[in-house]
file structure_4.txt (compact mmCIF, C-alpha atoms and all ligand atoms)
# COMPACT_ATOMS: atom_id res chain seq x y z
CA MET Q 1217 -18.85 -2.65 -2.79
CA ARG Q 1218 -16.22 -2.58 -0.07
CA VAL Q 1219 -12.88 -4.36 -0.12
CA SER Q 1220 -11.60 -5.46 3.29
CA THR Q 1221 -8.25 -3.99 4.24
CA GLY Q 1222 -7.13 -7.23 5.90
CA ILE Q 1223 -6.02 -5.14 8.90
CA PRO Q 1224 -7.82 -6.16 12.11
CA GLY Q 1225 -9.72 -3.20 13.53
CA LEU Q 1226 -9.53 -0.99 10.45
CA ASP Q 1227 -12.53 -2.00 8.33
CA ASN Q 1228 -15.08 -0.88 10.90
CA LEU Q 1229 -13.58 2.62 10.90
CA ILE Q 1230 -14.16 3.04 7.15
CA GLU Q 1231 -17.60 1.57 6.42
CA GLY Q 1232 -16.26 -1.95 5.88
CA GLY Q 1233 -13.13 -1.37 3.84
CA PHE Q 1234 -11.78 0.46 0.81
CA GLU Q 1235 -14.23 1.30 -1.96
CA GLU Q 1236 -13.86 -1.23 -4.76
CA GLY Q 1237 -11.87 0.27 -7.65
CA SER Q 1238 -10.40 3.05 -5.51
CA VAL Q 1239 -6.84 4.27 -5.21
CA ASN Q 1240 -5.63 4.57 -1.63
CA LEU Q 1241 -2.48 6.26 -0.42
CA ILE Q 1242 -0.54 4.82 2.52
CA SER Q 1243 1.78 7.56 3.59
CA GLY Q 1244 4.46 7.65 6.29
CA LYS Q 1245 8.09 8.02 7.22
CA THR Q 1246 10.50 5.14 6.96
CA GLY Q 1247 9.79 2.18 9.25
CA THR Q 1248 6.22 3.19 10.09
CA GLY Q 1249 4.82 -0.07 8.64
CA LYS Q 1250 3.77 0.83 5.10
CA SER Q 1251 5.23 -2.25 3.44
CA ILE Q 1252 3.86 -4.55 6.14
CA PHE Q 1253 0.41 -2.96 5.68
CA SER Q 1254 0.70 -3.54 1.93
CA ALA Q 1255 1.78 -7.17 2.20
CA GLN Q 1256 -1.01 -7.83 4.72
CA PHE Q 1257 -3.62 -6.30 2.38
CA ILE Q 1258 -2.43 -8.55 -0.44
CA HIS Q 1259 -1.90 -11.73 1.59
CA ASN Q 1260 -5.17 -11.58 3.51
CA GLY Q 1261 -6.97 -10.63 0.31
CA VAL Q 1262 -6.01 -13.97 -1.18
CA LYS Q 1263 -6.37 -16.05 1.96
CA GLU Q 1264 -9.57 -14.61 3.41
CA PHE Q 1265 -11.39 -13.23 0.38
CA ASN Q 1266 -10.02 -15.25 -2.51
CA GLU Q 1267 -8.97 -12.08 -4.37
CA LYS Q 1268 -5.83 -12.23 -6.46
CA GLY Q 1269 -3.04 -9.75 -5.86
CA LEU Q 1270 -0.31 -7.85 -7.65
CA TYR Q 1271 2.57 -6.39 -5.61
CA ILE Q 1272 4.75 -3.94 -7.51
CA THR Q 1273 7.96 -3.06 -5.70
CA THR Q 1274 10.19 -0.25 -6.92
CA GLY Q 1275 12.60 -0.01 -4.01
CA ASP Q 1276 12.99 -3.23 -2.03
CA THR Q 1277 13.95 -6.42 -3.83
CA ILE Q 1278 11.36 -9.16 -4.28
CA LYS Q 1279 13.50 -11.31 -2.01
CA ASN Q 1280 13.29 -8.79 0.84
CA ILE Q 1281 9.55 -8.29 0.44
CA LYS Q 1282 9.03 -12.06 0.70
CA LYS Q 1283 11.45 -12.43 3.60
CA GLN Q 1284 9.69 -9.71 5.62
CA ALA Q 1285 6.27 -11.23 4.84
CA ALA Q 1286 7.46 -14.67 5.93
CA LYS Q 1287 8.08 -13.26 9.43
CA PHE Q 1288 4.32 -13.02 9.79
CA GLY Q 1289 3.72 -16.44 8.28
CA TRP Q 1290 2.70 -15.00 4.92
CA ASP Q 1291 4.11 -17.33 2.28
CA LEU Q 1292 4.08 -15.11 -0.81
CA ASP Q 1293 6.05 -17.72 -2.79
CA ALA Q 1294 3.27 -20.23 -2.26
CA LEU Q 1295 0.62 -17.68 -3.32
CA GLU Q 1296 2.60 -17.04 -6.50
CA LYS Q 1297 2.94 -20.73 -7.25
CA GLU Q 1298 -0.78 -21.29 -6.92
CA GLY Q 1299 -1.37 -18.36 -9.28
CA ASN Q 1300 -2.98 -16.01 -6.76
CA LEU Q 1301 -0.19 -13.44 -6.63
CA LYS Q 1302 2.37 -11.76 -8.80
CA VAL Q 1303 5.27 -9.86 -7.25
CA LEU Q 1304 6.93 -7.54 -9.77
CA HIS Q 1305 10.08 -5.49 -9.34
CA VAL Q 1306 10.21 -2.50 -11.66
CA GLU Q 1307 12.79 0.16 -12.19
CA PRO Q 1308 11.19 3.44 -11.28
CA TYR Q 1309 12.40 5.43 -14.27
CA ASP Q 1310 9.52 5.26 -16.59
CA VAL Q 1311 5.84 4.82 -15.87
CA GLU Q 1312 5.07 3.98 -19.52
CA LYS Q 1313 7.55 1.12 -19.37
CA LEU Q 1314 5.94 -0.01 -16.14
CA MET Q 1315 2.51 -0.12 -17.74
CA GLU Q 1316 3.97 -2.14 -20.60
CA ASN Q 1317 5.60 -4.60 -18.19
CA ILE Q 1318 2.38 -4.85 -16.28
CA SER Q 1319 0.22 -5.59 -19.27
CA LEU Q 1320 2.69 -8.20 -20.52
CA SER Q 1321 3.00 -9.94 -17.20
CA LYS Q 1322 0.96 -13.06 -16.64
CA GLY Q 1323 -1.45 -13.05 -13.75
CA VAL Q 1324 -1.78 -9.29 -13.66
CA ASN Q 1325 -5.09 -8.95 -15.39
CA GLU Q 1326 -6.85 -11.13 -12.89
CA ALA Q 1327 -5.55 -9.20 -9.88
CA LYS Q 1328 -8.27 -7.51 -7.81
CA ARG Q 1329 -5.80 -5.91 -5.41
CA VAL Q 1330 -2.74 -3.95 -6.48
CA VAL Q 1331 0.07 -2.50 -4.38
CA ILE Q 1332 2.62 0.02 -5.66
CA ASP Q 1333 5.44 0.23 -3.10
CA SER Q 1334 6.45 2.93 -3.53
CA ILE Q 1335 5.32 5.76 -5.73
CA SER Q 1336 7.98 8.04 -4.26
CA MET Q 1337 10.62 6.39 -6.40
CA PHE Q 1338 8.79 7.59 -9.52
CA GLU Q 1339 8.53 11.06 -8.04
CA LEU Q 1340 12.26 11.01 -7.39
CA TYR Q 1341 13.29 9.92 -10.85
CA MET Q 1342 11.12 12.27 -12.84
CA GLN Q 1343 12.46 15.74 -13.44
CA ASN Q 1344 9.35 17.40 -14.71
CA PRO Q 1345 6.42 17.77 -12.27
CA TYR Q 1346 3.93 17.99 -15.14
CA LYS Q 1347 5.19 14.71 -16.53
CA ILE Q 1348 5.06 13.10 -13.08
CA ARG Q 1349 1.43 14.07 -12.65
CA LYS Q 1350 0.43 13.01 -16.12
CA SER Q 1351 2.07 9.59 -16.03
CA LEU Q 1352 1.07 8.73 -12.48
CA PHE Q 1353 -2.46 9.87 -13.13
CA SER Q 1354 -2.85 7.74 -16.24
CA MET Q 1355 -1.35 4.70 -14.51
CA LEU Q 1356 -3.68 4.99 -11.53
CA GLN Q 1357 -6.65 5.73 -13.78
CA LYS Q 1358 -5.95 2.58 -15.77
CA PHE Q 1359 -6.07 0.44 -12.64
CA LYS Q 1360 -9.28 2.15 -11.55
CA ASP Q 1361 -10.89 1.57 -14.93
CA LEU Q 1362 -10.08 -2.10 -14.58
CA GLY Q 1363 -11.90 -2.13 -11.23
CA LYS Q 1364 -8.79 -2.95 -9.21
CA THR Q 1365 -8.44 -1.66 -5.68
CA VAL Q 1366 -5.05 -0.02 -5.41
CA LEU Q 1367 -2.74 0.79 -2.50
CA VAL Q 1368 -0.10 3.35 -3.29
CA VAL Q 1369 2.74 3.74 -0.81
CA ALA Q 1370 4.39 7.14 -0.34
CA GLU Q 1371 7.58 7.63 1.61
CA VAL Q 1372 7.59 10.83 3.60
CA GLN Q 1373 10.92 12.41 4.39
CA GLU Q 1374 11.96 12.64 8.02
CA ASP Q 1375 11.68 16.42 8.33
CA SER Q 1376 8.60 16.82 6.15
CA LYS Q 1377 4.95 17.49 6.96
CA ASN Q 1378 3.84 16.52 3.44
CA LEU Q 1379 1.96 13.34 2.61
CA SER Q 1380 4.29 12.48 -0.25
CA ARG Q 1381 7.66 13.68 -1.46
CA PHE Q 1382 6.50 16.37 -3.87
CA GLY Q 1383 2.90 16.59 -2.79
CA VAL Q 1384 1.77 15.21 -6.12
CA VAL Q 1385 -0.11 11.99 -5.48
CA GLU Q 1386 -2.38 12.97 -2.61
CA PHE Q 1387 -4.59 14.93 -4.98
CA MET Q 1388 -5.13 11.97 -7.24
CA VAL Q 1389 -6.22 9.42 -4.68
CA ASP Q 1390 -9.56 8.52 -3.14
CA SER Q 1391 -8.14 8.09 0.32
CA VAL Q 1392 -5.11 8.92 2.41
CA ILE Q 1393 -4.03 6.91 5.45
CA LEU Q 1394 -1.14 8.31 7.41
CA LEU Q 1395 1.13 6.07 9.50
CA GLN Q 1396 3.17 7.80 12.19
CA TYR Q 1397 5.46 7.26 15.11
CA LEU Q 1398 3.79 8.13 18.37
CA GLY Q 1399 6.98 8.10 20.39
CA ILE Q 1400 5.27 6.49 23.37
CA ALA Q 1401 7.00 3.52 24.97
CA LYS Q 1402 4.18 0.97 24.76
CA CYS Q 1403 2.47 2.23 21.67
CA LYS Q 1404 4.95 3.11 19.05
CA ARG Q 1405 2.84 3.69 15.97
CA SER Q 1406 -0.47 5.19 14.95
CA LEU Q 1407 -2.80 5.26 11.98
CA ASN Q 1408 -4.95 8.19 10.94
CA ILE Q 1409 -7.44 8.33 8.08
CA ARG Q 1410 -6.84 11.75 6.57
CA LYS Q 1411 -9.38 11.48 3.82
CA MET Q 1412 -11.66 8.88 2.28
CA ARG Q 1413 -14.05 9.94 -0.40
CA MET Q 1414 -17.70 9.09 0.07
CA THR Q 1415 -17.01 7.50 3.42
CA ASN Q 1416 -18.01 8.38 6.94
CA HIS Q 1417 -14.64 7.53 8.43
CA SER Q 1418 -12.99 7.86 11.80
CA SER Q 1419 -10.71 10.85 12.09
CA ASP Q 1420 -9.16 9.73 15.37
CA ILE Q 1421 -5.55 8.78 15.81
CA HIS Q 1422 -5.53 5.00 16.23
CA PRO Q 1423 -2.55 3.35 17.88
CA PHE Q 1424 -1.50 0.06 16.33
CA GLU Q 1425 0.89 -2.78 16.99
CA ILE Q 1426 2.96 -4.90 14.68
CA GLY Q 1427 2.33 -8.31 16.23
CA PRO Q 1428 2.93 -11.89 15.09
CA LYS Q 1429 0.11 -11.60 12.54
CA GLY Q 1430 1.08 -8.16 11.30
CA ILE Q 1431 -0.64 -4.84 11.91
CA GLU Q 1432 -3.45 -4.79 14.43
CA LEU Q 1433 -5.29 -1.68 15.60
CA LEU Q 1434 -5.63 -1.27 19.35
CA GLU Q 1435 -8.88 -0.33 21.09
CA ILE Q 1436 -9.04 3.32 22.07
N1 LIG W 1 8.17 -9.36 12.95
C1 LIG W 1 8.05 -8.10 13.38
N2 LIG W 1 7.43 -7.84 14.55
C2 LIG W 1 7.30 -6.56 14.98
N3 LIG W 1 7.75 -5.49 14.32
C3 LIG W 1 8.36 -5.70 13.15
C4 LIG W 1 8.54 -7.01 12.62
N4 LIG W 1 9.17 -6.89 11.44
C5 LIG W 1 9.38 -5.58 11.25
N5 LIG W 1 8.90 -4.86 12.26
C6 LIG W 1 8.94 -3.40 12.39
O1 LIG W 1 8.44 -2.87 11.16
C7 LIG W 1 9.39 -1.96 10.60
C8 LIG W 1 9.41 -2.10 9.08
O2 LIG W 1 8.12 -1.91 8.59
P1 LIG W 1 7.91 -1.56 7.05
O3 LIG W 1 6.51 -1.87 6.74
O4 LIG W 1 8.96 -2.24 6.24
O5 LIG W 1 8.18 0.00 7.06
P2 LIG W 1 8.07 1.05 5.86
O6 LIG W 1 7.06 2.04 6.32
O7 LIG W 1 9.43 1.66 5.78
O8 LIG W 1 7.69 0.29 4.64
C9 LIG W 1 10.72 -2.37 11.18
O9 LIG W 1 11.59 -1.26 11.22
C10 LIG W 1 10.35 -2.87 12.55
O10 LIG W 1 10.30 -1.80 13.47
MG MG W 2 8.69 0.00 2.84
call {"tool": "encode", "arguments": {"input": "structure_4.txt", "output": "structure tokens", "more": "lines below"}}
Ligand SMILES: Nc1ncnc2c1ncn2[C@@H]1O[C@H](COP(=O)(O)OP(=O)(O)O)[C@@H](O)[C@H]1O
Ligand SMILES: [Mg+2]
result
Amino acid sequence: MRVSTGIPGLDNLIEGGFEEGSVNLISGKTGTGKSIFSAQFIHNGVKEFNEKGLYITTGDTIKNIKKQAAKFGWDLDALEKEGNLKVLHVEPYDVEKLMENISLSKGVNEAKRVVIDSISMFELYMQNPYKIRKSLFSMLQKFKDLGKTVLVVAEVQEDSKNLSRFGVVEFMVDSVILLQYLGIAKCKRSLNIRKMRMTNHSSDIHPFEIGPKGIELLEI
């Protein structure tokens, strides 16, 4: 089963969408569109496919996430009120605490789509790389076991060629999508599918725009 990304032009590059129950990394430097991608995945999931969403934010406030989404006409407040979405802000200190919060929170169990924006905060706060791997792995595994399709956002530092801050999460995920600046006047950003397990995917660099309805891939 495939889960539509909600991003126009992307599904047909990846056999129809993300694999159901997969964990997918959206990686990129600041301002490349990771949070917009995430909100679009969640919003369009509810609106077009009737799939409930959970948006976990560790960095931005809930208010900012909703404000940014509203710019594209995505009314996350309304989705929450009708019971189709839960936006959770969690302090990125402790993954165990996060899992506790998540299992206590109403509306979470029904979610088919989950966003964690971003995982880099956990990487930053944890001193011990072994502990980071162990906790992140068990959190992601739990979501997978529940059949949820997960987007994990990783912030890449400006001068880095890595896909995440400490290079920890990319080994745990089923797919990696890299968002980048192209530095070309008309076409500022691009998307590249770096890996997607069990999928015959495009490996081209696809320019995209952030338009009035969010991210849209351009024809190449
Ligand atoms: N309404 C909009 N129309 C076009 N571009 C936008 C709009 N809102 C934000 N952007 C662009 O998107 C960027 C923020 O995208 P975001 O998804 O928050 O990035 P990040 O990768 O840091 O999460 C802004 O810096 C701006 O360039
Ligand atoms: Mg962001």
call {"tool": "axis_aligned_box", "arguments": {"input": "structure_4.txt", "around": "range 1350-1363 of chain Q", "padding_each_side": "3 Å", "output": "lines of an AutoDock Vina configuration file"}}
result
center_x = -4.9
center_y = 5.4
center_z = -13.7
size_x = 20.0
size_y = 21.1
size_z = 11.0
call {"tool": "residues_near_ligand", "arguments": {"input": "structure_4.txt", "ligand": "ligand MG 2 (chain W)", "cutoff": "8 Å", "atoms": "all atoms listed in the file", "output": "list in words"}}
result
Thr1246, Gly1247, Gly1249, Lys1250, Ser1251, Ile1252, Gly1275, Asp1276, Asp1333, Ser1334, Val1369 and Glu1371 of chain Q
call {"tool": "write_last_selection", "arguments": {"input": "structure_4.txt", "atoms": "C-alpha atoms", "output": "tab-separated table (two decimals), keeping the file's coordinate frame"}}
result
chain	number	residue	atom	x	y	z
Q	1246	THR	CA	10.50	5.14	6.96
Q	1247	GLY	CA	9.79	2.18	9.25
Q	1249	GLY	CA	4.82	-0.07	8.64
Q	1250	LYS	CA	3.77	0.83	5.10
Q	1251	SER	CA	5.23	-2.25	3.44
Q	1252	ILE	CA	3.86	-4.55	6.14
Q	1275	GLY	CA	12.60	-0.01	-4.01
Q	1276	ASP	CA	12.99	-3.23	-2.03
Q	1333	ASP	CA	5.44	0.23	-3.10
Q	1334	SER	CA	6.45	2.93	-3.53
Q	1369	VAL	CA	2.74	3.74	-0.81
Q	1371	GLU	CA	7.58	7.63	1.61
call {"tool": "residues_near_ligand", "arguments": {"input": "structure_4.txt", "ligand": "ligand LIG 1 (chain W)", "cutoff": "10 Å", "atoms": "all atoms listed in the file", "output": "mmCIF file with C-alpha atoms, in the coordinates of the input"}}
result
data_model
loop_
_atom_site.group_PDB
_atom_site.id
_atom_site.type_symbol
_atom_site.label_atom_id
_atom_site.label_comp_id
_atom_site.auth_asym_id
_atom_site.auth_seq_id
_atom_site.Cartn_x
_atom_site.Cartn_y
_atom_site.Cartn_z
ATOM 1 C CA ILE Q 1242 -0.540 4.820 2.520
ATOM 2 C CA SER Q 1243 1.780 7.560 3.590
ATOM 3 C CA GLY Q 1244 4.460 7.650 6.290
ATOM 4 C CA LYS Q 1245 8.090 8.020 7.220
ATOM 5 C CA THR Q 1246 10.500 5.140 6.960
ATOM 6 C CA GLY Q 1247 9.790 2.180 9.250
ATOM 7 C CA THR Q 1248 6.220 3.190 10.090
ATOM 8 C CA GLY Q 1249 4.820 -0.070 8.640
ATOM 9 C CA LYS Q 1250 3.770 0.830 5.100
ATOM 10 C CA SER Q 1251 5.230 -2.250 3.440
ATOM 11 C CA ILE Q 1252 3.860 -4.550 6.140
ATOM 12 C CA PHE Q 1253 0.410 -2.960 5.680
ATOM 13 C CA SER Q 1254 0.700 -3.540 1.930
ATOM 14 C CA ALA Q 1255 1.780 -7.170 2.200
ATOM 15 C CA GLN Q 1256 -1.010 -7.830 4.720
ATOM 16 C CA GLY Q 1275 12.600 -0.010 -4.010
ATOM 17 C CA ASP Q 1276 12.990 -3.230 -2.030
ATOM 18 C CA ASN Q 1280 13.290 -8.790 0.840
ATOM 19 C CA ILE Q 1281 9.550 -8.290 0.440
ATOM 20 C CA LYS Q 1283 11.450 -12.430 3.600
ATOM 21 C CA GLN Q 1284 9.690 -9.710 5.620
ATOM 22 C CA ALA Q 1285 6.270 -11.230 4.840
ATOM 23 C CA ALA Q 1286 7.460 -14.670 5.930
ATOM 24 C CA LYS Q 1287 8.080 -13.260 9.430
ATOM 25 C CA PHE Q 1288 4.320 -13.020 9.790
ATOM 26 C CA GLY Q 1289 3.720 -16.440 8.280
ATOM 27 C CA ASP Q 1333 5.440 0.230 -3.100
ATOM 28 C CA SER Q 1334 6.450 2.930 -3.530
ATOM 29 C CA VAL Q 1369 2.740 3.740 -0.810
ATOM 30 C CA ALA Q 1370 4.390 7.140 -0.340
ATOM 31 C CA GLU Q 1371 7.580 7.630 1.610
ATOM 32 C CA VAL Q 1372 7.590 10.830 3.600
ATOM 33 C CA LEU Q 1395 1.130 6.070 9.500
ATOM 34 C CA GLN Q 1396 3.170 7.800 12.190
ATOM 35 C CA LYS Q 1404 4.950 3.110 19.050
ATOM 36 C CA ARG Q 1405 2.840 3.690 15.970
ATOM 37 C CA GLU Q 1425 0.890 -2.780 16.990
ATOM 38 C CA ILE Q 1426 2.960 -4.900 14.680
ATOM 39 C CA GLY Q 1427 2.330 -8.310 16.230
ATOM 40 C CA PRO Q 1428 2.930 -11.890 15.090
ATOM 41 C CA LYS Q 1429 0.110 -11.600 12.540
ATOM 42 C CA GLY Q 1430 1.080 -8.160 11.300
ATOM 43 C CA ILE Q 1431 -0.640 -4.840 11.910
#
call {"tool": "residues_around", "arguments": {"input": "structure_4.txt", "residues": "Asn1240 in chain Q", "least_positions_apart": "2", "cutoff": "6 Å", "atoms": "only C-alpha atoms", "output": "JSON, numbers by chain"}}
result
{"Q": [1366, 1367, 1368, 1389, 1390, 1391, 1392]}
call {"tool": "closest_residue", "arguments": {"input": "structure_4.txt", "among": "Q:Leu1241, Q:Leu1229, Q:Glu1316, Q:Gly1222", "to": "Ile1421 in chain Q", "atoms": "all atoms listed in the file"}}
result
Q:Leu1229
call {"tool": "closest_residue", "arguments": {"input": "structure_4.txt", "among": "Q:Leu1407, Q:Val1331, Q:Ile1318, Q:Ile1278", "to": "Ile1258 in chain Q", "atoms": "all atoms listed in the file"}}
result
Q:Val1331
call {"tool": "closest_residue", "arguments": {"input": "structure_4.txt", "among": "Q:Leu1270, Q:Phe1257, Q:Leu1295, Q:Lys1328", "to": "Asp1227 in chain Q", "atoms": "all atoms listed in the file"}}
result
Q:Phe1257
call {"tool": "closest_residue", "arguments": {"input": "structure_4.txt", "among": "Q:Glu1231, Q:Asp1420, Q:Glu1386, Q:Glu1264", "to": "Ser1336 in chain Q", "atoms": "all atoms listed in the file"}}
result
Q:Glu1386
call {"tool": "closest_residue", "arguments": {"input": "structure_4.txt", "among": "Q:Val1385, Q:Val1219, Q:Val1311, Q:Leu1433", "to": "Tyr1341 in chain Q", "atoms": "all atoms listed in the file"}}
result
Q:Val1311
call {"tool": "atom_distance", "arguments": {"input": "structure_4.txt", "atom1": "CA of Phe1359 in chain Q", "atom2": "CA of Pro1345 in chain Q"}}
result
21.4 Å
call {"tool": "atom_distance", "arguments": {"input": "structure_4.txt", "atom1": "CA of Lys1302 in chain Q", "atom2": "CA of Gly1237 in chain Q"}}
result
18.7 Å
call {"tool": "atom_distance", "arguments": {"input": "structure_4.txt", "atom1": "CA of Val1303 in chain Q", "atom2": "CA of Thr1273 in chain Q"}}
result
7.5 Å
call {"tool": "closest_residue", "arguments": {"input": "structure_4.txt", "among": "Q:Glu1267, Q:Glu1236, Q:Glu1312, Q:Glu1298", "to": "Ser1354 in chain Q", "atoms": "only C-alpha atoms"}}
result
Q:Glu1312
call {"tool": "residues_around", "arguments": {"input": "structure_4.txt", "residues": "range 1348-1352 of chain Q", "least_positions_apart": "6", "cutoff": "9 Å", "atoms": "all atoms listed in the file", "output": "VMD selection string"}}
result
chain Q and resid 1310 to 1312 1335 1338 to 1339 1342 1384 to 1385 1388
call {"tool": "residues_around", "arguments": {"input": "structure_4.txt", "residues": "Glu1435 in chain Q", "least_positions_apart": "6", "cutoff": "10 Å", "atoms": "all atoms listed in the file", "output": "MDAnalysis selection string"}}
result
chainID Q and resid 1225 1422:1424
call {"tool": "residues_near_point", "arguments": {"input": "structure_4.txt", "point": "(-2.8, -7.7, -10.0)", "cutoff": "8 Å", "atoms": "all atoms listed in the file", "output": "number ranges by chain"}}
result
Q: 1268-1271, 1301-1302, 1323-1330, 1364
call {"tool": "decode", "arguments": {"input": "structure_4.txt", "residues": "range 1256-1280 of chain Q", "atoms": "C-alpha atoms", "output": "mmCIF file, in the first residue's frame"}}
result
data_model
loop_
_atom_site.group_PDB
_atom_site.id
_atom_site.type_symbol
_atom_site.label_atom_id
_atom_site.label_comp_id
_atom_site.auth_asym_id
_atom_site.auth_seq_id
_atom_site.Cartn_x
_atom_site.Cartn_y
_atom_site.Cartn_z
ATOM 1 C CA GLN Q 1256 1.415 19.694 3.416
ATOM 2 C CA PHE Q 1257 1.760 15.920 3.926
ATOM 3 C CA ILE Q 1258 -0.400 16.136 7.049
ATOM 4 C CA HIS Q 1259 -2.970 18.634 5.754
ATOM 5 C CA ASN Q 1260 -3.534 16.988 2.380
ATOM 6 C CA GLY Q 1261 -3.603 13.599 4.086
ATOM 7 C CA VAL Q 1262 -6.683 14.671 5.999
ATOM 8 C CA LYS Q 1263 -8.321 16.678 3.244
ATOM 9 C CA GLU Q 1264 -7.708 14.425 0.256
ATOM 10 C CA PHE Q 1265 -7.362 10.974 1.784
ATOM 11 C CA ASN Q 1266 -9.265 11.214 5.037
ATOM 12 C CA GLU Q 1267 -6.212 10.061 7.029
ATOM 13 C CA LYS Q 1268 -5.704 11.515 10.478
ATOM 14 C CA GLY Q 1269 -2.454 13.237 11.350
ATOM 15 C CA LEU Q 1270 -0.095 13.857 14.233
ATOM 16 C CA TYR Q 1271 2.414 16.717 13.982
ATOM 17 C CA ILE Q 1272 5.114 16.676 16.641
ATOM 18 C CA THR Q 1273 7.145 19.867 16.790
ATOM 19 C CA THR Q 1274 10.293 20.092 18.881
ATOM 20 C CA GLY Q 1275 11.635 23.431 17.702
ATOM 21 C CA ASP Q 1276 8.978 25.799 16.382
ATOM 22 C CA THR Q 1277 6.007 26.665 18.557
ATOM 23 C CA ILE Q 1278 2.588 25.266 17.677
ATOM 24 C CA LYS Q 1279 1.495 28.828 16.991
ATOM 25 C CA ASN Q 1280 4.208 29.326 14.360
#
